Amino acid sequence: MVNFHGVNFSFGVTDFQKQIDQITRVLAIHEGPVIVSGDFNTWRKTRLEIIESFAIDIGLGPLSFEQDNRLKIFGNRVYLHP
């Protein structure tokens, strides 16, 4: 289980990319199932592209719901824990 909280307010995406690179290195030697979750702070297009590339590189896909009742903020689905 990877619980990720992406660095939030930093210039550019260098620090954000470093965090993703660290996770990628750890998962490269991991054997077995994995769940990646958390607050990705993908409020910029470039950050979202980094996360999408990361997921593809390690073979992950999004969880899909038959009926998706998640709240949308700025067009992105979010889950708020009660």
# chains A, B, ... in the order shown; residues from 1 in each chain; ligands from 1
>>> residues_around(residues="range 46-50 of chain A", least_positions_apart="3", cutoff="9 Å", atoms="only C-alpha atoms", output="ChimeraX atom specification")
/A:13,16-17,20,40-43,53-55
>>> write_last_selection(atoms="C-alpha atoms", output="PDB file, in the first residue's frame")
ATOM      1  CA  VAL A  13       7.182  20.119 -10.956  1.00  0.00           C
ATOM      2  CA  PHE A  16       6.727  16.513  -7.381  1.00  0.00           C
ATOM      3  CA  GLN A  17       8.537  14.419 -10.007  1.00  0.00           C
ATOM      4  CA  ILE A  20       7.036   9.999  -7.978  1.00  0.00           C
ATOM      5  CA  PHE A  40      -1.881  13.565  -5.422  1.00  0.00           C
ATOM      6  CA  ASN A  41      -2.310  17.349  -5.622  1.00  0.00           C
ATOM      7  CA  THR A  42      -2.808  17.163  -9.373  1.00  0.00           C
ATOM      8  CA  TRP A  43      -4.213  20.651  -9.650  1.00  0.00           C
ATOM      9  CA  SER A  53       2.538   8.335 -16.875  1.00  0.00           C
ATOM     10  CA  PHE A  54       3.597   6.841 -13.521  1.00  0.00           C
ATOM     11  CA  ALA A  55       0.473   4.659 -13.416  1.00  0.00           C
TER      12      ALA A  55
END
>>> select_by_dssp(residues="chain A", states="alpha helix (DSSP H)", output="NGL selection string")
:A and (14-28 or 45-58)
>>> closest_residue(among="A:Phe11, A:Ser37, A:Arg44, A:Ile23", to="Phe74 in chain A", atoms="only C-alpha atoms")
A:Arg44
>>> select_by_dssp(residues="range 20-69 of chain A", states="strand (DSSP E)", output="ChimeraX atom specification")
/A:36-39
>>> write_last_selection(atoms="C-alpha atoms", output="CSV table (one decimal), in the first residue's frame")
chain,number,residue,atom,x,y,z
A,36,VAL,CA,-1.6,3.6,-4.6
A,37,SER,CA,-3.8,6.2,-3.0
A,38,GLY,CA,-3.6,9.5,-1.3
A,39,ASP,CA,-3.7,13.2,-2.1
>>> atom_distance(atom1="CA of Ala28 in chain A", atom2="CA of Asp57 in chain A")
10.0 Å
>>> residues_around(residues="Arg77 in chain A", least_positions_apart="4", cutoff="12 Å", atoms="only C-alpha atoms", output="PDB file with N, CA and C atoms, in the first residue's frame")
ATOM      1  N   THR A  42      -2.932  17.030  -7.920  1.00  0.00           N
ATOM      2  CA  THR A  42      -2.808  17.163  -9.373  1.00  0.00           C
ATOM      3  C   THR A  42      -3.640  18.330  -9.882  1.00  0.00           C
ATOM      4  N   PRO A  62      -7.086   2.987 -13.081  1.00  0.00           N
ATOM      5  CA  PRO A  62      -8.016   3.556 -12.114  1.00  0.00           C
ATOM      6  C   PRO A  62      -9.075   2.544 -11.691  1.00  0.00           C
ATOM      7  N   LEU A  63      -9.573   2.711 -10.514  1.00  0.00           N
ATOM      8  CA  LEU A  63     -10.695   1.930 -10.024  1.00  0.00           C
ATOM      9  C   LEU A  63     -11.955   2.487 -10.671  1.00  0.00           C
ATOM     10  N   SER A  64     -12.792   1.607 -11.184  1.00  0.00           N
ATOM     11  CA  SER A  64     -14.038   2.091 -11.791  1.00  0.00           C
ATOM     12  C   SER A  64     -15.224   1.651 -10.941  1.00  0.00           C
ATOM     13  N   PHE A  65     -16.267   2.434 -10.994  1.00  0.00           N
ATOM     14  CA  PHE A  65     -17.473   2.195 -10.214  1.00  0.00           C
ATOM     15  C   PHE A  65     -18.646   1.995 -11.161  1.00  0.00           C
ATOM     16  N   ASP A  68     -21.050   5.901 -10.168  1.00  0.00           N
ATOM     17  CA  ASP A  68     -20.038   6.778  -9.588  1.00  0.00           C
ATOM     18  C   ASP A  68     -20.699   7.992  -8.945  1.00  0.00           C
ATOM     19  N   ASN A  69     -20.758   7.987  -7.612  1.00  0.00           N
ATOM     20  CA  ASN A  69     -21.392   9.078  -6.874  1.00  0.00           C
ATOM     21  C   ASN A  69     -20.387  10.048  -6.265  1.00  0.00           C
ATOM     22  N   ARG A  70     -19.137   9.950  -6.696  1.00  0.00           N
ATOM     23  CA  ARG A  70     -18.143  10.847  -6.121  1.00  0.00           C
ATOM     24  C   ARG A  70     -18.407  12.297  -6.523  1.00  0.00           C
ATOM     25  N   LEU A  71     -18.065  13.190  -5.637  1.00  0.00           N
ATOM     26  CA  LEU A  71     -18.188  14.622  -5.851  1.00  0.00           C
ATOM     27  C   LEU A  71     -17.182  15.062  -6.922  1.00  0.00           C
ATOM     28  N   LYS A  72     -17.572  16.016  -7.738  1.00  0.00           N
ATOM     29  CA  LYS A  72     -16.658  16.575  -8.733  1.00  0.00           C
ATOM     30  C   LYS A  72     -16.263  17.983  -8.319  1.00  0.00           C
ATOM     31  N   ILE A  73     -14.974  18.246  -8.330  1.00  0.00           N
ATOM     32  CA  ILE A  73     -14.446  19.584  -8.084  1.00  0.00           C
ATOM     33  C   ILE A  73     -13.535  19.927  -9.251  1.00  0.00           C
TER      34      ILE A  73
END
>>> closest_residue(among="A:Val2, A:Val7, A:Val78, A:Ile56", to="Ile35 in chain A", atoms="only C-alpha atoms")
A:Val2
>>> atom_distance(atom1="CA of Ile51 in chain A", atom2="CA of Val34 in chain A")
15.5 Å
>>> closest_residue(among="A:Asn76, A:Leu60, A:Gly6, A:Glu52", to="Pro33 in chain A", atoms="only C-alpha atoms")
A:Leu60
>>> closest_residue(among="A:Ile58, A:Lys45, A:His30, A:Gln67", to="Met1 in chain A", atoms="only C-alpha atoms")
A:His30
